[in-house]
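Have a look at query05.txt; it's compact mmCIF, C-alpha atoms:
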# COMPACT_ATOMS: atom_id res chain seq x y z
CA MET A 23 -42.66 10.58 -30.75
CA ALA A 24 -41.14 13.96 -30.00
CA ASP A 25 -38.50 12.40 -27.78
CA ASP A 26 -37.48 10.05 -30.58
CA GLU A 27 -37.00 13.07 -32.82
CA ARG A 28 -34.83 14.72 -30.17
CA ILE A 29 -32.71 11.62 -29.69
CA ALA A 30 -32.42 11.10 -33.44
CA TYR A 31 -31.12 14.64 -33.81
CA LEU A 32 -28.71 14.16 -30.94
CA SER A 33 -27.38 10.96 -32.45
CA GLY A 34 -26.72 12.56 -35.80
CA ASP A 35 -29.96 12.68 -37.79
CA THR A 36 -30.11 16.32 -38.86
CA SER A 37 -33.42 15.75 -40.67
CA ALA A 38 -35.24 15.26 -37.37
CA ARG A 39 -38.25 17.57 -37.06
CA LEU A 40 -37.62 19.95 -34.18
CA ASP A 41 -38.63 23.48 -33.42
CA PRO A 42 -35.79 26.04 -33.27
CA ALA A 43 -35.78 26.18 -29.46
CA GLU A 44 -35.44 22.41 -29.15
CA ARG A 45 -32.75 22.37 -31.79
CA ALA A 46 -30.82 25.12 -30.00
CA GLU A 47 -31.00 23.27 -26.69
CA LEU A 48 -29.73 20.06 -28.24
CA ASP A 49 -27.05 21.92 -30.19
CA GLU A 50 -25.77 23.20 -26.86
CA LEU A 51 -25.44 19.64 -25.61
CA ARG A 52 -23.82 18.54 -28.87
CA GLY A 53 -21.35 21.37 -28.46
CA LEU A 54 -20.50 20.24 -24.95
CA LEU A 55 -19.88 16.71 -26.21
CA THR A 56 -17.10 18.07 -28.42
CA ASP A 57 -15.49 19.94 -25.52
CA PRO A 58 -12.08 18.43 -24.66
CA ALA A 59 -12.73 19.19 -20.97
CA VAL A 60 -15.59 16.69 -20.97
CA TRP A 61 -13.30 13.94 -22.22
CA ALA A 62 -9.96 14.90 -20.69
CA GLU A 63 -8.46 12.15 -18.57
CA PRO A 64 -6.06 12.92 -15.74
CA HIS A 65 -2.75 11.12 -15.57
CA PRO A 66 -3.12 7.87 -13.60
CA GLY A 67 -0.41 9.06 -11.21
CA LEU A 68 -2.41 12.13 -10.20
CA ALA A 69 -4.37 10.15 -7.59
CA GLU A 70 -1.27 9.40 -5.57
CA ARG A 71 0.00 12.94 -6.07
CA VAL A 72 -3.25 14.31 -4.63
CA VAL A 73 -3.27 11.87 -1.73
CA GLY A 74 0.34 12.73 -0.98
CA ALA A 75 -0.32 16.49 -1.07
CA VAL A 76 -3.33 16.26 1.25
CA THR A 77 -1.71 13.92 3.73
CA GLN A 78 1.39 16.12 3.72
CA ALA A 79 -0.78 19.17 4.42
CA ALA A 80 -2.61 17.23 7.12
CA SER A 81 0.64 16.27 8.85
CA ALA A 82 2.02 19.81 8.64
CA GLU A 83 -1.06 21.69 9.81
CA PRO A 84 -3.69 21.27 12.50
CA VAL A 85 -6.73 19.26 11.42
CA PRO A 86 -9.10 21.89 9.99
CA THR A 87 -12.08 20.79 12.02
CA ALA A 88 -10.20 21.35 15.30
CA LEU A 89 -10.64 24.48 17.37
CA PRO A 90 -8.36 27.30 16.29
CA VAL A 91 -5.04 27.58 18.12
CA ASP A 92 -3.65 30.95 19.12
CA GLY A 93 -0.41 30.41 17.31
CA ASP A 94 0.57 34.08 17.24
CA SER A 95 0.69 34.43 21.03
CA ASN A 96 2.68 31.20 21.29
CA ARG A 97 5.17 32.56 18.83
CA ARG A 98 5.47 35.81 20.74
CA ARG A 99 6.36 33.93 23.95
CA ARG A 100 9.02 31.85 22.24
CA PRO A 101 12.54 33.03 23.19
CA ARG A 102 14.26 34.88 20.38
CA TRP A 103 17.39 32.68 20.53
CA ILE A 104 15.29 29.61 19.64
CA ALA A 105 14.05 31.30 16.50
CA ILE A 106 17.59 32.29 15.55
CA ALA A 107 18.93 28.77 16.19
CA VAL A 108 16.09 27.10 14.30
CA GLY A 109 16.45 29.59 11.48
CA GLY A 110 20.19 28.93 11.28
CA VAL A 111 19.74 25.17 11.11
CA ALA A 112 17.01 25.54 8.46
CA ALA A 113 19.24 27.81 6.38
CA ALA A 114 22.10 25.30 6.59
CA VAL A 115 19.80 22.48 5.48
CA LEU A 116 18.44 24.57 2.61
CA LEU A 117 21.95 25.48 1.53
CA ALA A 118 22.99 21.81 1.59
CA VAL A 119 19.92 20.82 -0.44
CA ALA A 120 20.52 23.62 -2.92
CA LEU A 121 24.16 22.65 -3.34
CA THR A 122 23.27 18.98 -3.76
CA PHE A 123 20.68 19.74 -6.43
CA GLY A 124 22.99 22.24 -8.07
CA LEU A 125 25.64 19.59 -8.44
CA THR A 126 23.46 16.68 -9.47
CA SER A 127 20.46 17.99 -11.35
CA HIS A 128 20.29 18.72 -15.04
CA PRO A 129 20.89 22.32 -15.97
CA SER A 130 17.81 22.61 -18.17
CA GLN A 131 14.20 22.04 -17.20
CA SER A 132 12.70 20.19 -20.13
CA VAL A 133 8.98 20.21 -20.76
CA GLU A 134 7.70 16.69 -21.19
CA TYR A 135 4.39 15.04 -21.94
CA ALA A 136 3.64 11.35 -21.72
CA ALA A 137 0.85 8.86 -22.14
CA SER A 138 0.03 5.22 -21.99
CA ILE A 139 -1.31 4.20 -25.37
CA ASN A 140 -3.86 1.44 -25.72
CA GLY A 141 -4.92 -0.83 -28.53
CA THR A 142 -8.28 -0.17 -30.13
CA THR A 143 -10.78 -2.80 -31.21
CA LEU A 144 -8.61 -3.26 -34.30
CA ALA A 145 -5.64 -4.24 -32.12
CA PRO A 146 -6.91 -5.16 -28.66
CA ASP A 147 -3.63 -6.76 -27.59
CA ALA A 148 -1.51 -3.72 -28.42
CA SER A 149 -0.24 -1.32 -25.77
CA GLY A 150 2.65 1.03 -25.22
CA GLN A 151 4.07 4.26 -23.93
CA VAL A 152 4.86 7.57 -25.53
CA THR A 153 6.87 10.56 -24.32
CA LEU A 154 7.12 13.95 -25.97
CA THR A 155 10.03 16.20 -25.05
CA LYS A 156 10.25 19.84 -26.05
CA THR A 157 13.45 20.76 -27.90
CA PRO A 158 14.48 23.84 -29.87
CA SER A 159 13.74 21.91 -33.08
CA GLY A 160 10.28 20.79 -32.07
CA TRP A 161 8.76 18.00 -30.01
CA LYS A 162 10.78 14.80 -29.92
CA ILE A 163 8.45 11.82 -29.63
CA HIS A 164 9.61 8.49 -28.33
CA LEU A 165 7.17 5.66 -28.90
CA HIS A 166 7.37 2.12 -27.56
CA ALA A 167 4.60 -0.35 -28.26
CA LYS A 168 4.05 -4.08 -28.40
CA GLY A 169 1.38 -6.40 -29.71
CA LEU A 170 1.45 -5.21 -33.33
CA PRO A 171 3.12 -6.98 -36.26
CA ARG A 172 5.73 -5.39 -38.50
CA ARG A 173 4.26 -3.89 -41.68
CA ASP A 174 6.21 -3.90 -44.96
CA GLY A 175 5.67 -4.07 -48.70
CA GLY A 176 3.54 -0.97 -49.11
CA ALA A 177 1.97 -1.27 -45.69
CA TYR A 178 3.15 0.85 -42.79
CA TYR A 179 2.13 2.59 -39.60
CA GLU A 180 1.67 6.32 -39.21
CA ALA A 181 1.44 8.37 -36.00
CA TRP A 182 -0.69 11.49 -35.66
CA LEU A 183 -1.35 14.19 -33.10
CA LYS A 184 -4.95 15.37 -32.91
CA ASN A 185 -6.56 18.43 -31.39
CA SER A 186 -10.03 18.86 -29.93
CA ALA A 187 -11.45 19.85 -33.31
CA GLY A 188 -10.25 16.57 -34.79
CA VAL A 189 -7.47 18.16 -36.85
CA LEU A 190 -4.75 15.58 -37.48
CA VAL A 191 -1.07 16.43 -37.79
CA PRO A 192 1.12 13.61 -39.14
CA VAL A 193 4.25 13.02 -37.07
CA GLY A 194 5.89 10.14 -38.93
CA THR A 195 5.67 6.75 -40.56
CA PHE A 196 7.39 3.51 -39.54
CA ASN A 197 7.31 -0.26 -39.95
CA GLN A 198 7.42 -1.54 -36.41
CA LEU A 199 6.65 -0.02 -33.05
CA ASP A 200 9.14 -1.39 -30.55
CA ASP A 201 11.37 1.70 -30.53
CA VAL A 202 10.34 4.66 -32.64
CA THR A 203 11.54 8.26 -32.60
CA LEU A 204 9.32 10.83 -34.28
CA TRP A 205 9.15 14.62 -34.44
CA ALA A 206 6.25 17.05 -34.24
CA GLY A 207 6.01 20.74 -34.98
CA VAL A 208 2.85 21.19 -32.93
CA ALA A 209 2.57 21.21 -29.14
CA PRO A 210 0.85 18.39 -27.26
CA SER A 211 -0.93 20.97 -25.09
CA SER A 212 -2.96 21.83 -28.19
CA TYR A 213 -2.80 18.43 -29.89
CA PRO A 214 -3.02 16.09 -26.90
CA THR A 215 -4.25 12.90 -28.56
CA LEU A 216 -1.71 10.58 -30.17
CA THR A 217 -2.98 7.91 -32.55
CA VAL A 218 -1.30 5.32 -34.71
CA THR A 219 -3.02 4.15 -37.89
CA ARG A 220 -2.47 1.32 -40.34
CA GLN A 221 -1.70 2.79 -43.75
CA LEU A 222 -1.23 1.53 -47.30
CA VAL A 223 0.97 3.34 -49.80
CA ASP A 224 -1.66 2.83 -52.49
CA ASP A 225 -4.28 4.67 -50.43
CA GLY A 226 -2.44 7.98 -50.38
CA PRO A 227 -1.11 10.12 -47.55
CA THR A 228 -4.32 10.89 -45.65
CA SER A 229 -5.27 8.98 -42.54
CA SER A 230 -6.90 5.64 -43.22
CA GLY A 231 -8.95 6.05 -40.05
CA LYS A 232 -7.84 2.55 -39.02
CA VAL A 233 -6.57 3.51 -35.60
CA VAL A 234 -4.70 0.73 -33.80
CA LEU A 235 -3.30 2.70 -30.85
CA ILE A 236 -4.61 5.75 -29.04
CA GLY A 237 -3.65 7.73 -25.96
CA VAL A 238 -4.10 11.20 -24.51
CA THR A 239 -0.85 12.84 -23.45
CA HIS A 240 -0.40 14.73 -20.20
CA ARG A 241 2.33 17.01 -19.01
CA THR A 242 4.72 15.26 -16.65
CA HIS A 243 7.48 17.89 -16.30
CA MET B 16 -28.17 24.33 -20.25
CA ARG B 17 -29.84 23.06 -17.10
CA THR B 18 -29.16 19.47 -16.22
CA THR B 19 -30.15 17.18 -13.41
CA VAL B 20 -27.68 14.38 -12.94
CA SER B 21 -27.79 12.95 -9.46
CA VAL B 22 -24.47 12.55 -7.67
CA PRO B 23 -23.61 8.89 -7.30
CA ALA B 24 -23.88 7.83 -3.69
CA SER B 25 -20.50 7.04 -2.22
CA GLY B 26 -22.08 4.69 0.30
CA ASP B 27 -20.00 6.30 3.02
CA ALA B 28 -21.76 8.98 5.04
CA ASP B 29 -18.62 9.60 7.10
CA LEU B 30 -16.47 10.23 4.04
CA PRO B 31 -16.48 14.06 4.24
CA ALA B 32 -15.59 13.93 7.94
CA ARG B 33 -12.78 11.46 7.37
CA PHE B 34 -11.61 13.52 4.41
CA GLY B 35 -11.46 16.53 6.70
CA ALA B 36 -9.27 14.58 9.09
CA GLY B 37 -6.79 13.94 6.26
CA ASP B 38 -7.28 10.18 6.35
CA PRO B 39 -5.36 8.95 3.24
CA ASP B 40 -7.93 6.25 2.45
CA SER B 41 -10.76 8.76 2.49
CA VAL B 42 -8.78 11.23 0.36
CA ARG B 43 -8.21 8.43 -2.13
CA ALA B 44 -11.92 7.53 -2.03
CA VAL B 45 -13.00 11.13 -2.64
CA TYR B 46 -10.50 11.38 -5.49
CA GLN B 47 -11.76 8.13 -7.02
CA THR B 48 -15.31 9.48 -7.01
CA TYR B 49 -14.70 13.10 -7.95
CA GLY B 50 -11.11 13.35 -9.24
CA ARG B 51 -12.00 13.13 -12.93
CA LEU B 52 -14.83 15.61 -12.52
CA VAL B 53 -12.56 18.05 -10.70
CA TYR B 54 -9.95 17.57 -13.42
CA SER B 55 -12.58 18.35 -16.09
CA VAL B 56 -13.41 21.64 -14.39
CA ALA B 57 -9.72 22.54 -14.16
CA TYR B 58 -9.12 21.56 -17.77
CA LYS B 59 -12.09 23.66 -18.88
CA VAL B 60 -10.59 26.74 -17.22
CA LEU B 61 -6.95 26.13 -18.17
CA GLY B 62 -6.99 24.10 -21.38
CA ASP B 63 -3.69 22.47 -20.45
CA ALA B 64 -3.28 19.00 -18.98
CA GLY B 65 -0.30 19.83 -16.76
CA LEU B 66 -1.85 22.99 -15.34
CA ALA B 67 -5.15 21.17 -14.84
CA GLU B 68 -3.33 18.55 -12.78
CA ASP B 69 -1.78 21.30 -10.64
CA ALA B 70 -5.22 22.83 -10.11
CA THR B 71 -6.73 19.44 -9.28
CA GLN B 72 -4.10 18.89 -6.60
CA GLN B 73 -4.71 22.36 -5.19
CA THR B 74 -8.45 21.73 -5.20
CA PHE B 75 -8.13 18.71 -2.94
CA VAL B 76 -5.66 20.44 -0.60
CA GLN B 77 -7.93 23.50 -0.38
CA ALA B 78 -10.95 21.26 0.14
CA TRP B 79 -9.15 19.52 2.97
CA ARG B 80 -8.28 22.89 4.56
CA ALA B 81 -11.91 24.01 4.25
CA ALA B 82 -13.42 20.70 5.34
CA GLY B 83 -14.52 22.24 8.62
CA THR B 84 -16.83 24.58 6.70
CA TYR B 85 -18.39 21.84 4.57
CA ASP B 86 -22.15 21.58 5.00
CA PRO B 87 -23.06 17.86 4.82
CA SER B 88 -26.52 18.73 3.51
CA ARG B 89 -24.83 20.06 0.37
CA ALA B 90 -23.63 17.72 -2.38
CA LEU B 91 -19.91 17.08 -1.93
CA GLY B 92 -19.44 17.15 -5.70
CA ALA B 93 -20.95 20.62 -6.11
CA TRP B 94 -18.79 21.90 -3.25
CA LEU B 95 -15.68 20.46 -4.87
CA ALA B 96 -16.66 21.91 -8.26
CA ALA B 97 -16.82 25.41 -6.78
CA ILE B 98 -13.39 24.96 -5.15
CA ALA B 99 -12.00 23.50 -8.38
CA ARG B 100 -13.11 26.52 -10.38
CA ARG B 101 -11.48 28.92 -7.91
CA ALA B 102 -8.28 26.85 -7.75
CA ALA B 103 -8.09 26.73 -11.55
CA ILE B 104 -8.64 30.47 -11.85
CA ASP B 105 -5.84 30.99 -9.30
CA VAL B 106 -3.54 28.89 -11.50
CA TYR B 107 -4.77 30.81 -14.55
CA ARG B 108 -3.89 34.14 -12.93
CA ARG B 109 -0.53 32.83 -11.73
CA GLU B 110 0.37 31.68 -15.24
CA ARG B 111 -0.65 34.97 -16.81
CA ARG B 112 1.25 36.96 -14.17
CA HIS B 113 4.43 34.88 -14.27
CA ARG B 114 4.65 34.36 -18.00
CA GLY B 115 3.04 37.53 -19.28
CA VAL B 116 0.35 37.42 -21.92
CA GLU B 117 2.85 38.09 -24.71
CA ASP B 118 4.84 34.99 -23.74
CA ILE B 119 1.84 32.70 -23.81
CA ALA B 120 1.73 30.86 -27.10
CA SER B 121 -1.25 31.64 -29.25
CA HIS B 122 -2.38 28.02 -29.20
CA GLU B 123 -2.87 28.18 -25.43
CA ASN B 124 -6.27 29.73 -25.94
CA ALA B 125 -7.48 29.17 -22.41
CA LEU B 126 -4.78 31.46 -21.04
CA VAL B 127 -5.42 34.35 -23.41
CA THR B 128 -9.19 34.49 -23.00
CA ALA B 129 -11.40 35.11 -19.98
CA PRO B 130 -12.01 32.03 -17.83
CA PRO B 131 -15.35 30.28 -18.38
CA SER B 132 -18.36 31.28 -16.34
CA ALA B 133 -19.67 29.31 -13.39
CA GLU B 134 -22.55 28.16 -15.59
CA GLN B 135 -20.21 26.85 -18.28
CA ILE B 136 -18.27 25.01 -15.60
CA TYR B 137 -21.50 23.56 -14.23
CA ASP B 138 -22.47 22.31 -17.70
CA VAL B 139 -19.12 20.55 -18.20
CA TRP B 140 -19.38 19.00 -14.75
CA GLU B 141 -22.91 17.68 -15.38
CA VAL B 142 -22.19 16.29 -18.84
CA ARG B 143 -18.98 14.65 -17.64
CA GLN B 144 -20.84 13.12 -14.72
CA ALA B 145 -23.59 11.80 -16.98
CA LEU B 146 -21.02 10.25 -19.30
CA GLU B 147 -19.28 8.60 -16.35
CA ASN B 148 -22.59 6.97 -15.49
CA LEU B 149 -23.06 5.47 -18.95
CA PRO B 150 -21.91 1.96 -19.83
CA GLY B 151 -18.41 2.10 -21.31
CA GLN B 152 -19.62 0.99 -24.73
CA ASP B 153 -22.13 3.85 -24.88
CA ARG B 154 -19.59 6.38 -23.70
CA GLU B 155 -17.03 5.25 -26.28
CA LEU B 156 -19.57 5.45 -29.08
CA ILE B 157 -20.61 8.97 -28.08
CA ARG B 158 -16.97 9.97 -27.86
CA MET B 159 -16.20 8.64 -31.32
CA GLN B 160 -19.21 10.40 -32.79
CA HIS B 161 -18.86 13.81 -31.17
CA PHE B 162 -15.28 14.25 -29.98
CA ASP B 163 -13.60 12.28 -32.76
CA GLU B 164 -16.22 13.54 -35.25
CA LEU B 165 -16.53 10.18 -36.97
CA THR B 166 -19.51 9.31 -39.12
CA HIS B 167 -21.59 6.22 -38.43
CA ALA B 168 -19.88 4.55 -41.37
CA GLU B 169 -16.42 5.41 -40.06
CA ILE B 170 -17.33 4.08 -36.61
CA ALA B 171 -18.66 0.92 -38.21
CA GLY B 172 -15.33 0.52 -40.01
CA GLN B 173 -13.32 1.02 -36.84
CA LEU B 174 -15.45 -1.30 -34.73
CA ALA B 175 -15.91 -3.81 -37.57
CA ILE B 176 -19.70 -3.91 -37.10
CA PRO B 177 -22.55 -3.06 -39.50
CA VAL B 178 -23.57 0.58 -39.91
CA GLY B 179 -27.10 -0.32 -38.84
CA THR B 180 -25.76 -1.64 -35.54
CA VAL B 181 -23.82 1.58 -35.00
CA LYS B 182 -26.99 3.60 -35.62
CA SER B 183 -29.10 1.59 -33.21
CA ARG B 184 -26.37 1.62 -30.53
CA SER B 185 -25.89 5.34 -31.05
CA PHE B 186 -29.60 6.01 -30.67
CA ARG B 187 -29.73 3.94 -27.49
CA ALA B 188 -26.61 5.58 -26.04
CA HIS B 189 -27.91 9.07 -26.71
CA ARG B 190 -31.29 8.19 -25.23
CA ARG B 191 -29.56 7.10 -22.01
CA LEU B 192 -27.44 10.24 -22.00
CA ALA B 193 -30.44 12.49 -22.60
CA GLY B 194 -32.30 10.68 -19.82
CA LEU B 195 -29.46 11.34 -17.40
CA LEU B 196 -29.32 15.00 -18.38
CA GLY B 197 -33.05 15.65 -18.39
CA HIS B 198 -33.21 16.21 -22.13
CA LEU B 199 -36.18 13.85 -22.45
CA ARG B 200 -39.74 14.82 -21.71
CA SER B 201 -41.05 11.41 -20.75
CA GLU B 202 -38.12 9.43 -19.36
CA PRO B 203 -37.73 9.87 -15.60
CA VAL B 204 -34.93 12.23 -14.69
CA GLY B 205 -31.97 10.55 -13.03
CA THR B 206 -32.35 7.27 -14.89
CA THR B 207 -28.98 5.59 -14.75
CA ALA B 208 -27.37 2.77 -16.59
CA ALA B 209 -27.05 0.77 -13.39
CA GLY B 210 -30.13 -1.24 -14.20
CA THR B 211 -29.25 -1.99 -17.77
CA GLU B 212 -28.06 -5.31 -19.01
CA GLU B 213 -24.64 -3.87 -19.68
CA GLY B 214 -24.02 -2.50 -16.21
CA ARG B 215 -21.44 0.20 -15.60
CA HIS B 216 -18.06 0.19 -17.21
CA HIS B 217 -15.24 2.61 -17.61
CA GLY B 218 -13.71 2.58 -21.04

Since I need it in another form, could you write the structure as structure tokens?
Amino acid sequence: MADDERIAYLSGDTSARLDPAERAELDELRGLLTDPAVWAEPHPGLAERVVGAVTQAASAEPVPTALPVDGDSNRRRRPRWIAIAVGGVAAAVLLAVALTFGLTSHPSQSVEYAASINGTTLAPDASGQVTLTKTPSGWKIHLHAKGLPRRDGGAYYEAWLKNSAGVLVPVGTFNQLDDVTLWAGVAPSSYPTLTVTRQLVDDGPTSSGKVVLIGVTHRTH
Amino acid sequence: MRTTVSVPASGDADLPARFGAGDPDSVRAVYQTYGRLVYSVAYKVLGDAGLAEDATQQTFVQAWRAAGTYDPSRALGAWLAAIARRAAIDVYRRERRHRGVEDIASHENALVTAPPSAEQIYDVWEVRQALENLPGQDRELIRMQHFDELTHAEIAGQLAIPVGTVKSRSFRAHRRLAGLLGHLRSEPVGTTAAGTEEGRHHG
């Protein structure tokens, strides 16, 4: 059947008999399926951030479906001294806030990415967290995970960052995952996927493909 | 690409109105249904997770502000997609203006090229929506094959199942996907996984 040929091609059988127009149409879909935007997952905390932003806007502004209010004329009728007094109080509050933050906040604004990492079918009980902090030397990666045994004697774990084209950049090897610090010379904005593989010294330095943990990092600061 | 995925019914005809009133539960419900789709649109324009989150937040705030203009006969998802694209382009312009093109790292491709067209955005939205309507197992398999660029043999190794099983599952998953996107001649358009034995999952 023609549809079977189309599906076969879509699922990876390049020998499927299709005319050029059909092939082009399906190639377009195959291209879309490699697009990171199709697979990108928002940070779980974004839902509450969105709800908070909308409810804050709703409490600060008139409900948009309501009839418009002539705010300008109201403002014009307001005595000038009220505006000055309100402005003075607001300035004092802003100054206090600015001083408080100036005294207590960190001087630098670090860029940080984070992700929850989950076990794959090879390690369904594994889970963890990863943070990536930008430093002058590169990206400092802090990895915590549980549910995976220590590997020794020629066996080890290796972490990788991966981009949308599937290019892997190794970011370090280790024996156990409870508290690992790694470094990367590539940015998580371009290499957002972090994976951890099981490796064997005898198999050489390339990825074994045996992914035990995976997560997509998102910017948090 | 022209696709024909139907928007999943929210089961709540009053949702847009309650959203317009800023009801937190309704905002959460709209986000649960459309948040990932909106995020996909923003990510397509910006290519950066953090900026895409900013644009997603702005999309929902702008949608709330414009709720009075929403036409209930129009699909809420399509309306949000249009707002998401504009919000993301606003963020795109802000980033370019504030940072300057020369300060944008070369790997941040999305910020040094023109933003995608409305049609490209529409395609991402439709494919994402179709994938969301697949059973989790199908979606994961398609992801491994296309996004992770794994061969059937590599997938078989990772999932610890025979290659033949991977091939048959892959064929079935792609048939469902093509059915959702109208890439089949004979299968009815809009077929969803809801009636399958596997039901709907999110992987």

**Within 9 Å of B:Ala168 using only C-alpha atoms, minus same-chain residues under 5 positions, as an NGL selection string** = :B and (173 or 177-178 or 181)

**Asked** Which residues, protein or nucleic acid, reach to within 12 Å of (5.9, -0.9, -44.8) in the file's coordinates when using only C-alpha atoms, and can you give that as a ChimeraX atom specification?
**Response** /A:171-180,195-199,220-224

**Message:** Quick one: residues within 10 Å of B:Arg143, all atoms listed in the file, excluding same-chain residues fewer than 5 positions away - as a ChimeraX atom specification?
**Reply:** /A:54-55,59-62 /B:20,51-52,55-56,137-138,148

**Message:** I want to know what sits within 8 Å of A:Asp147, based on all atoms listed in the file, with residues of the same chain fewer than 4 positions away left out; could you give that as number ranges by chain?
**Reply:** A: 141, 169-170

Please, which residues in chain B fall within 7 Å of chain A when counting only C-alpha atoms, and what is the closest atom pair and distance in Å to one decimal for each, ordered by chain then residue number, as a tab-separated table?
residue	atom	partner	partner_atom	distance
B:Gly35	CA	A:Pro86	CA	6.7
B:Ala36	CA	A:Val85	CA	5.8
B:Gly37	CA	A:Ala80	CA	5.4
B:Pro39	CA	A:Val73	CA	6.1
B:Val42	CA	A:Val73	CA	5.9
B:Arg43	CA	A:Val73	CA	6.0
B:Tyr46	CA	A:Ala69	CA	6.6
B:Arg51	CA	A:Pro64	CA	6.6
B:Tyr54	CA	A:Pro64	CA	6.5
B:Ser55	CA	A:Ala59	CA	5.0
B:Tyr58	CA	A:Ala59	CA	5.4
B:Lys59	CA	A:Ala59	CA	5.0
B:Asp63	CA	A:Ser211	CA	5.6
B:Ala64	CA	A:His240	CA	5.3
B:Gly65	CA	A:Arg241	CA	4.5
B:Glu68	CA	A:Pro64	CA	6.9
B:Gln72	CA	A:Val72	CA	5.1
B:Phe75	CA	A:Val72	CA	6.8
B:Val76	CA	A:Val76	CA	5.1
B:Trp79	CA	A:Val76	CA	6.9
B:Arg80	CA	A:Pro86	CA	5.6
B:Ala81	CA	A:Pro86	CA	6.7
B:Ala82	CA	A:Pro86	CA	6.5
B:Gly83	CA	A:Thr87	CA	4.4
B:His122	CA	A:Ser212	CA	6.3
B:Glu123	CA	A:Ser212	CA	6.9
B:Val139	CA	A:Val60	CA	5.9
B:Val142	CA	A:Val60	CA	6.9
B:Arg143	CA	A:Val60	CA	5.2
B:His161	CA	A:Thr56	CA	5.4
B:Phe162	CA	A:Thr56	CA	4.5
B:Asp163	CA	A:Gly188	CA	5.8
B:Glu164	CA	A:Gly188	CA	6.7
B:Gln173	CA	A:Lys232	CA	6.1
B:Leu174	CA	A:Thr143	CA	6.0
B:Ser185	CA	A:Ser33	CA	6.0
B:Phe186	CA	A:Ser33	CA	5.7
B:His189	CA	A:Ser33	CA	6.1
B:Arg190	CA	A:Ile29	CA	5.8
B:Leu199	CA	A:Asp25	CA	6.0
B:Arg200	CA	A:Asp25	CA	6.7

**Asked** Could you state the separation of atom CA of A:Trp182 and atom CA of B:Pro150 in Å, given to one decimal place?
**Response**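 Atom-to-atom, atom CA of A:Trp182 to atom CA of B:Pro150, that is 28.1 Å.
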
**Request:** Rounded to one decimal place, report the atom CA of B:Ala67-atom CA of B:Gly194 distance in Å.
**Result:**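 Separation of atom CA of B:Ala67 and atom CA of B:Gly194: 29.5 Å.
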
**Complete:** In Å and to one decimal, atom CA of B:Gln135 is distant from atom CA of A:Asp41 by 24.1 Å

**Request:** Around the point (8.6, 16.8, -29.7) in the file's coordinates, collect all residues with an atom within 10 Å, using all atoms listed in the file, and return them as a PyMOL selection string.
**Result:** chain A and resi 133-135+153-164+193+203-210
